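Just entry_27.tsv here, TSV, N, CA and C atoms:
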chain	number	residue	atom	x	y	z
A	8	MET	N	178.59	114.91	247.64
A	8	MET	CA	178.71	115.05	249.09
A	8	MET	C	179.98	115.82	249.41
A	9	ASP	N	179.86	116.87	250.18
A	9	ASP	CA	181.02	117.70	250.52
A	9	ASP	C	181.78	117.08	251.68
A	10	GLU	N	183.12	117.18	251.59
A	10	GLU	CA	183.97	116.72	252.69
A	10	GLU	C	184.04	117.83	253.73
A	11	PRO	N	184.13	117.48	255.01
A	11	PRO	CA	184.25	118.53	256.03
A	11	PRO	C	185.56	119.29	255.85
A	12	GLN	N	185.49	120.57	256.02
A	12	GLN	CA	186.67	121.42	255.89
A	12	GLN	C	187.43	121.46	257.20
A	13	SER	N	188.72	121.16	257.15
A	13	SER	CA	189.54	121.27	258.35
A	13	SER	C	190.23	122.63	258.32
A	14	PRO	N	190.53	123.17	259.49
A	14	PRO	CA	191.19	124.47	259.53
A	14	PRO	C	192.54	124.41	258.81
A	15	ALA	N	192.86	125.46	258.09
A	15	ALA	CA	194.13	125.50	257.37
A	15	ALA	C	195.16	126.24	258.22
A	16	PHE	N	196.26	125.56	258.51
A	16	PHE	CA	197.36	126.16	259.26
A	16	PHE	C	198.60	126.12	258.38
A	17	ALA	N	199.41	127.14	258.46
A	17	ALA	CA	200.66	127.20	257.71
A	17	ALA	C	201.82	126.89	258.65
A	18	ILE	N	202.95	126.54	258.08
A	18	ILE	CA	204.15	126.31	258.87
A	18	ILE	C	204.49	127.61	259.61
A	19	GLY	N	204.78	127.49	260.88
A	19	GLY	CA	205.09	128.66	261.70
A	19	GLY	C	203.91	129.19	262.49
A	20	THR	N	202.69	128.72	262.18
A	20	THR	CA	201.51	129.17	262.91
A	20	THR	C	201.57	128.69	264.36
A	21	ARG	N	201.20	129.57	265.28
A	21	ARG	CA	201.17	129.21	266.70
A	21	ARG	C	199.78	128.66	267.00
A	22	VAL	N	199.73	127.47	267.59
A	22	VAL	CA	198.47	126.77	267.84
A	22	VAL	C	198.39	126.24	269.26
A	23	GLN	N	197.18	125.87	269.67
A	23	GLN	CA	196.91	125.23	270.95
A	23	GLN	C	196.00	124.05	270.69
A	24	LEU	N	195.99	123.09	271.61
A	24	LEU	CA	195.06	121.98	271.51
A	24	LEU	C	193.66	122.49	271.79
A	25	ALA	N	192.70	122.12	270.95
A	25	ALA	CA	191.31	122.48	271.20
A	25	ALA	C	190.76	121.60	272.32
A	26	GLU	N	191.20	120.34	272.35
A	26	GLU	CA	190.87	119.43	273.44
A	26	GLU	C	191.99	118.41	273.54
A	27	ARG	N	192.20	117.90	274.74
A	27	ARG	CA	193.31	116.97	274.97
A	27	ARG	C	192.98	115.62	274.33
A	28	PRO	N	193.88	115.10	273.47
A	28	PRO	CA	193.64	113.80	272.84
A	28	PRO	C	193.86	112.66	273.85
A	29	ALA	N	193.46	111.46	273.47
A	29	ALA	CA	193.64	110.29	274.33
A	29	ALA	C	195.12	109.93	274.45
A	30	TYR	N	195.90	110.26	273.43
A	30	TYR	CA	197.34	110.01	273.42
A	30	TYR	C	197.99	110.97	272.44
A	31	LEU	N	199.30	111.10	272.51
A	31	LEU	CA	200.07	111.90	271.56
A	31	LEU	C	200.95	110.96	270.75
A	32	LYS	N	201.12	111.26	269.49
A	32	LYS	CA	201.98	110.47	268.61
A	32	LYS	C	203.17	111.33	268.23
A	33	THR	N	204.38	110.86	268.51
A	33	THR	CA	205.57	111.65	268.21
A	33	THR	C	205.73	111.81	266.71
A	34	ALA	N	206.40	112.86	266.29
A	34	ALA	CA	206.64	113.14	264.88
A	34	ALA	C	208.01	112.62	264.45
A	35	ASP	N	208.54	111.64	265.17
A	35	ASP	CA	209.84	111.05	264.84
A	35	ASP	C	209.71	110.15	263.61
A	36	PRO	N	210.85	109.81	262.97
A	36	PRO	CA	210.79	108.87	261.83
A	36	PRO	C	210.13	107.54	262.22
A	37	MET	N	210.30	107.10	263.46
A	37	MET	CA	209.61	105.92	263.99
A	37	MET	C	208.70	106.42	265.11
A	38	PRO	N	207.44	106.82	264.76
A	38	PRO	CA	206.55	107.43	265.76
A	38	PRO	C	206.25	106.49	266.92
A	39	MET	N	206.06	107.09	268.09
A	39	MET	CA	205.70	106.35	269.31
A	39	MET	C	204.50	107.04	269.94
A	40	LEU	N	203.68	106.29	270.63
A	40	LEU	CA	202.56	106.86	271.36
A	40	LEU	C	203.05	107.30	272.73
A	41	ARG	N	202.63	108.49	273.13
A	41	ARG	CA	203.05	109.06	274.41
A	41	ARG	C	201.81	109.51	275.18
A	42	PRO	N	201.91	109.66	276.50
A	42	PRO	CA	200.75	110.12	277.28
A	42	PRO	C	200.39	111.57	276.94
A	43	PRO	N	199.10	111.89	277.01
A	43	PRO	CA	198.66	113.24	276.63
A	43	PRO	C	199.09	114.34	277.58
A	44	ASP	N	199.55	114.00	278.80
A	44	ASP	CA	199.91	115.05	279.75
A	44	ASP	C	201.27	115.68	279.46
A	45	LEU	N	201.90	115.32	278.35
A	45	LEU	CA	203.15	115.98	277.97
A	45	LEU	C	202.90	117.40	277.44
A	46	VAL	N	201.65	117.67	277.05
A	46	VAL	CA	201.28	119.01	276.59
A	46	VAL	C	200.26	119.56	277.59
A	47	ASP	N	200.62	120.66	278.25
A	47	ASP	CA	199.76	121.27	279.25
A	47	ASP	C	198.57	121.97	278.58
A	48	ASN	N	197.47	122.09	279.33
A	48	ASN	CA	196.32	122.86	278.84
A	48	ASN	C	196.76	124.30	278.60
A	49	GLY	N	196.42	124.84	277.46
A	49	GLY	CA	196.78	126.22	277.16
A	49	GLY	C	198.18	126.41	276.63
A	50	GLU	N	198.99	125.34	276.57
A	50	GLU	CA	200.36	125.46	276.06
A	50	GLU	C	200.33	125.76	274.57
A	51	VAL	N	201.17	126.69	274.15
A	51	VAL	CA	201.23	127.10	272.75
A	51	VAL	C	202.35	126.34	272.05
A	52	GLY	N	202.03	125.81	270.88
A	52	GLY	CA	203.03	125.12	270.06
A	52	GLY	C	203.12	125.79	268.70
A	53	GLN	N	204.07	125.33	267.91
A	53	GLN	CA	204.29	125.92	266.58
A	53	GLN	C	204.26	124.82	265.54
A	54	VAL	N	203.51	125.04	264.46
A	54	VAL	CA	203.44	124.08	263.36
A	54	VAL	C	204.81	124.07	262.66
A	55	VAL	N	205.41	122.88	262.57
A	55	VAL	CA	206.73	122.77	261.94
A	55	VAL	C	206.68	122.00	260.63
A	56	SER	N	205.58	121.27	260.38
A	56	SER	CA	205.48	120.49	259.15
A	56	SER	C	204.03	120.16	258.86
A	57	LEU	N	203.69	120.13	257.57
A	57	LEU	CA	202.36	119.72	257.12
A	57	LEU	C	202.46	118.30	256.60
A	58	LYS	N	201.58	117.44	257.05
A	58	LYS	CA	201.60	116.02	256.69
A	58	LYS	C	200.35	115.68	255.90
A	59	PRO	N	200.33	114.51	255.22
A	59	PRO	CA	199.14	114.10	254.49
A	59	PRO	C	197.95	113.85	255.42
A	60	LEU	N	196.77	113.84	254.84
A	60	LEU	CA	195.52	113.53	255.54
A	60	LEU	C	195.19	114.52	256.65
A	61	GLY	N	195.57	115.78	256.48
A	61	GLY	CA	195.21	116.80	257.44
A	61	GLY	C	195.96	116.76	258.75
A	62	GLN	N	197.11	116.08	258.79
A	62	GLN	CA	197.90	116.04	260.02
A	62	GLN	C	199.00	117.10	259.98
A	63	LEU	N	199.37	117.56	261.16
A	63	LEU	CA	200.42	118.57	261.32
A	63	LEU	C	201.41	118.09	262.35
A	64	ALA	N	202.67	118.42	262.15
A	64	ALA	CA	203.69	118.20	263.18
A	64	ALA	C	203.80	119.52	263.94
A	65	VAL	N	203.55	119.45	265.26
A	65	VAL	CA	203.54	120.65	266.09
A	65	VAL	C	204.58	120.50	267.19
A	66	ARG	N	205.46	121.50	267.32
A	66	ARG	CA	206.51	121.48	268.35
A	66	ARG	C	205.98	122.17	269.60
A	67	PHE	N	205.95	121.40	270.68
A	67	PHE	CA	205.61	121.92	271.99
A	67	PHE	C	206.86	121.87	272.86
A	68	ARG	N	206.76	122.33	274.07
A	68	ARG	CA	207.89	122.40	274.99
A	68	ARG	C	208.54	121.04	275.21
A	69	ARG	N	207.74	119.97	275.29
A	69	ARG	CA	208.28	118.64	275.61
A	69	ARG	C	208.36	117.71	274.41
A	70	GLY	N	208.27	118.24	273.19
A	70	GLY	CA	208.43	117.39	272.02
A	70	GLY	C	207.60	117.85	270.85
A	71	THR	N	207.80	117.16	269.72
A	71	THR	CA	207.06	117.44	268.50
A	71	THR	C	206.11	116.28	268.25
A	72	PHE	N	204.83	116.59	268.04
A	72	PHE	CA	203.81	115.56	267.95
A	72	PHE	C	202.97	115.73	266.69
A	73	LEU	N	202.46	114.60	266.17
A	73	LEU	CA	201.55	114.62	265.03
A	73	LEU	C	200.13	114.77	265.55
A	74	LEU	N	199.41	115.75	265.02
A	74	LEU	CA	198.04	116.01	265.45
A	74	LEU	C	197.19	116.31	264.23
A	75	ASP	N	195.91	115.93	264.29
A	75	ASP	CA	194.97	116.29	263.23
A	75	ASP	C	194.68	117.78	263.34
A	76	ALA	N	194.51	118.42	262.19
A	76	ALA	CA	194.23	119.86	262.19
A	76	ALA	C	192.97	120.19	262.96
A	77	VAL	N	191.99	119.29	262.97
A	77	VAL	CA	190.74	119.56	263.69
A	77	VAL	C	190.92	119.53	265.20
A	78	GLN	N	192.04	118.99	265.70
A	78	GLN	CA	192.31	118.96	267.14
A	78	GLN	C	192.95	120.26	267.62
A	79	LEU	N	193.23	121.18	266.69
A	79	LEU	CA	193.97	122.39	267.02
A	79	LEU	C	193.14	123.64	266.79
A	80	CYS	N	193.50	124.70	267.49
A	80	CYS	CA	192.93	126.01	267.23
A	80	CYS	C	194.08	127.02	267.26
A	81	ALA	N	193.88	128.15	266.61
A	81	ALA	CA	194.91	129.17	266.59
A	81	ALA	C	195.15	129.69	268.01
A	82	ALA	N	196.40	129.91	268.35
A	82	ALA	CA	196.75	130.40	269.68
A	82	ALA	C	196.31	131.85	269.84
A	83	VAL	N	195.82	132.15	271.02
A	83	VAL	CA	195.42	133.51	271.35
A	83	VAL	C	196.69	134.29	271.68
A	84	ALA	N	196.85	135.44	271.05
A	84	ALA	CA	198.03	136.27	271.31
A	84	ALA	C	197.98	136.79	272.73
A	85	ALA	N	199.05	136.56	273.46
A	85	ALA	CA	199.13	137.06	274.83
A	85	ALA	C	199.49	138.53	274.82
A	86	ASP	N	198.99	139.25	275.80
A	86	ASP	CA	199.35	140.66	275.93
A	86	ASP	C	200.81	140.76	276.30
A	87	PRO	N	201.53	141.73	275.73
A	87	PRO	CA	202.93	141.90	276.12
A	87	PRO	C	203.03	142.29	277.58
A	88	PRO	N	204.10	141.90	278.25
A	88	PRO	CA	204.24	142.26	279.67
A	88	PRO	C	204.32	143.78	279.84
A	89	ALA	N	203.72	144.26	280.90
A	89	ALA	CA	203.74	145.70	281.17
A	89	ALA	C	205.15	146.13	281.54
A	90	GLU	N	205.51	147.31	281.09
A	90	GLU	CA	206.84	147.82	281.40
A	90	GLU	C	206.86	148.35	282.83
A	91	ARG	N	207.95	148.03	283.53
A	91	ARG	CA	208.11	148.52	284.91
A	91	ARG	C	208.99	149.76	284.90
A	92	PRO	N	208.60	150.74	285.64
A	92	PRO	CA	209.48	151.93	285.71
A	92	PRO	C	210.78	151.58	286.45
A	93	ASN	N	211.86	152.18	285.98
A	93	ASN	CA	213.16	151.96	286.63
A	93	ASN	C	213.20	152.78	287.91
A	94	GLY	N	213.81	152.16	288.89
A	94	GLY	CA	214.00	152.98	290.07
A	94	GLY	C	213.65	152.34	291.28
Now, as a test, write the supplied structure out as structure tokens.
Amino acid sequence: MDEPQSPAFAIGTRVQLAERPAYLKTADPMPMLRPPDLVDNGEVGQVVSLKPLGQLAVRFRRGTFLLDAVQLCAAVAADPPAERPNG
């Protein structure tokens, strides 16, 4: 029986939540459960650590959280801002 394949992310990969979890778990030495609204829809985070059992530590604007790799998707690259003419 084959195990389901989870997406492979490397340290430094920019990711987004595929769907909002019921709660967030901090990546602190003593993890705590936090409300899911600390990460906005579409907010881009960065993988900072790979953990056992397919979990990743991802740094977002309001903290670093442990998330399963299947809860994440690769971040869509934003278009660079258009240059404004001087004057």
- For Asp47 in chain A, which residue out of A:Ala76, A:Val65, A:Ala34, A:Leu24 is the nearest one, using only C-alpha atoms? A:Leu24
- Message: Can you tell me, as a PyMOL selection string, which residues in range 22-71 of chain A count as strand (DSSP E) by DSSP?
- Response: chain A and resi 22-24+31-33+40-41+52-57+62-67+70-71
Once you have the residues from the selection above, write them out as a PDB file, in the frame of the given file, restricted to N, CA and C atoms.
ATOM      1  N   VAL A  22     199.730 127.470 267.590  1.00  0.00           N
ATOM      2  CA  VAL A  22     198.470 126.770 267.840  1.00  0.00           C
ATOM      3  C   VAL A  22     198.390 126.240 269.260  1.00  0.00           C
ATOM      4  N   GLN A  23     197.180 125.870 269.670  1.00  0.00           N
ATOM      5  CA  GLN A  23     196.910 125.230 270.950  1.00  0.00           C
ATOM      6  C   GLN A  23     196.000 124.050 270.690  1.00  0.00           C
ATOM      7  N   LEU A  24     195.990 123.090 271.610  1.00  0.00           N
ATOM      8  CA  LEU A  24     195.060 121.980 271.510  1.00  0.00           C
ATOM      9  C   LEU A  24     193.660 122.490 271.790  1.00  0.00           C
ATOM     10  N   LEU A  31     199.300 111.100 272.510  1.00  0.00           N
ATOM     11  CA  LEU A  31     200.070 111.900 271.560  1.00  0.00           C
ATOM     12  C   LEU A  31     200.950 110.960 270.750  1.00  0.00           C
ATOM     13  N   LYS A  32     201.120 111.260 269.490  1.00  0.00           N
ATOM     14  CA  LYS A  32     201.980 110.470 268.610  1.00  0.00           C
ATOM     15  C   LYS A  32     203.170 111.330 268.230  1.00  0.00           C
ATOM     16  N   THR A  33     204.380 110.860 268.510  1.00  0.00           N
ATOM     17  CA  THR A  33     205.570 111.650 268.210  1.00  0.00           C
ATOM     18  C   THR A  33     205.730 111.810 266.710  1.00  0.00           C
ATOM     19  N   LEU A  40     203.680 106.290 270.630  1.00  0.00           N
ATOM     20  CA  LEU A  40     202.560 106.860 271.360  1.00  0.00           C
ATOM     21  C   LEU A  40     203.050 107.300 272.730  1.00  0.00           C
ATOM     22  N   ARG A  41     202.630 108.490 273.130  1.00  0.00           N
ATOM     23  CA  ARG A  41     203.050 109.060 274.410  1.00  0.00           C
ATOM     24  C   ARG A  41     201.810 109.510 275.180  1.00  0.00           C
ATOM     25  N   GLY A  52     202.030 125.810 270.880  1.00  0.00           N
ATOM     26  CA  GLY A  52     203.030 125.120 270.060  1.00  0.00           C
ATOM     27  C   GLY A  52     203.120 125.790 268.700  1.00  0.00           C
ATOM     28  N   GLN A  53     204.070 125.330 267.910  1.00  0.00           N
ATOM     29  CA  GLN A  53     204.290 125.920 266.580  1.00  0.00           C
ATOM     30  C   GLN A  53     204.260 124.820 265.540  1.00  0.00           C
ATOM     31  N   VAL A  54     203.510 125.040 264.460  1.00  0.00           N
ATOM     32  CA  VAL A  54     203.440 124.080 263.360  1.00  0.00           C
ATOM     33  C   VAL A  54     204.810 124.070 262.660  1.00  0.00           C
ATOM     34  N   VAL A  55     205.410 122.880 262.570  1.00  0.00           N
ATOM     35  CA  VAL A  55     206.730 122.770 261.940  1.00  0.00           C
ATOM     36  C   VAL A  55     206.680 122.000 260.630  1.00  0.00           C
ATOM     37  N   SER A  56     205.580 121.270 260.380  1.00  0.00           N
ATOM     38  CA  SER A  56     205.480 120.490 259.150  1.00  0.00           C
ATOM     39  C   SER A  56     204.030 120.160 258.860  1.00  0.00           C
ATOM     40  N   LEU A  57     203.690 120.130 257.570  1.00  0.00           N
ATOM     41  CA  LEU A  57     202.360 119.720 257.120  1.00  0.00           C
ATOM     42  C   LEU A  57     202.460 118.300 256.600  1.00  0.00           C
ATOM     43  N   GLN A  62     197.110 116.080 258.790  1.00  0.00           N
ATOM     44  CA  GLN A  62     197.900 116.040 260.020  1.00  0.00           C
ATOM     45  C   GLN A  62     199.000 117.100 259.980  1.00  0.00           C
ATOM     46  N   LEU A  63     199.370 117.560 261.160  1.00  0.00           N
ATOM     47  CA  LEU A  63     200.420 118.570 261.320  1.00  0.00           C
ATOM     48  C   LEU A  63     201.410 118.090 262.350  1.00  0.00           C
ATOM     49  N   ALA A  64     202.670 118.420 262.150  1.00  0.00           N
ATOM     50  CA  ALA A  64     203.690 118.200 263.180  1.00  0.00           C
ATOM     51  C   ALA A  64     203.800 119.520 263.940  1.00  0.00           C
ATOM     52  N   VAL A  65     203.550 119.450 265.260  1.00  0.00           N
ATOM     53  CA  VAL A  65     203.540 120.650 266.090  1.00  0.00           C
ATOM     54  C   VAL A  65     204.580 120.500 267.190  1.00  0.00           C
ATOM     55  N   ARG A  66     205.460 121.500 267.320  1.00  0.00           N
ATOM     56  CA  ARG A  66     206.510 121.480 268.350  1.00  0.00           C
ATOM     57  C   ARG A  66     205.980 122.170 269.600  1.00  0.00           C
ATOM     58  N   PHE A  67     205.950 121.400 270.680  1.00  0.00           N
ATOM     59  CA  PHE A  67     205.610 121.920 271.990  1.00  0.00           C
ATOM     60  C   PHE A  67     206.860 121.870 272.860  1.00  0.00           C
ATOM     61  N   GLY A  70     208.270 118.240 273.190  1.00  0.00           N
ATOM     62  CA  GLY A  70     208.430 117.390 272.020  1.00  0.00           C
ATOM     63  C   GLY A  70     207.600 117.850 270.850  1.00  0.00           C
ATOM     64  N   THR A  71     207.800 117.160 269.720  1.00  0.00           N
ATOM     65  CA  THR A  71     207.060 117.440 268.500  1.00  0.00           C
ATOM     66  C   THR A  71     206.110 116.280 268.250  1.00  0.00           C
TER      67      THR A  71
END
- Message: I'd like the interatomic distance between atom N of Gly52 in chain A and atom N of Arg66 in chain A, to a tenth of an Å.
- Response: 6.6 Å
Given 4 Å of margin on each side, can you work out the centre and size in Å (one decimal) of an axis-aligned box holding every listed atom of range 54-65 of chain A, as JSON?
{"center_x": 201.0, "center_y": 119.3, "center_z": 260.8, "size_x": 19.5, "size_y": 19.5, "size_z": 20.7}
- Using only C-alpha atoms, which residues sit within 12 Å of Arg69 in chain A once same-chain residues fewer than 3 positions away are excluded, as a ChimeraX atom specification? /A:31,33,41-47,50-52,65-66,72
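Within 8 Å of the point (206.6, 125.8, 265.8), and counting only N, CA and C atoms, the protein, DNA and RNA residues are Ile18, Gly19, Thr20, Arg21, Val22, Val51, Gly52, Gln53, Val54, Val55, Ser56, Ala64, Val65, Arg66 and Phe67 of chain A.
Coordinates place CA of Ala15 in chain A at a distance of 24.0 Å from CA of Pro36 in chain A.
For the pair CA of Phe16 in chain A and CA of Leu74 in chain A, the separation is 11.9 Å.
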- Task: Taking the chain letters and numbering used in this document, name the residues of range 37-73 of chain A that DSSP puts in helix (DSSP H, G or I), as a ChimeraX atom specification.
- Result: /A:43-45,59-61
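Nearest to Leu60 in chain A of all the residues A:Pro38, A:Leu73, A:Tyr30, A:Cys80 is A:Leu73, based on only C-alpha atoms.
With only C-alpha atoms as the atoms that count, the residue of A:Leu40, A:Leu63, A:Asn48, A:Lys58 with the shortest distance to Ala25 in chain A is A:Asn48.
Of the residues under consideration (A:Leu57, A:Ala17, A:Gln62, A:Gly49), A:Gln62 shows the shortest atom-to-atom contact distance to Val77 in chain A when counting all atoms listed in the file.
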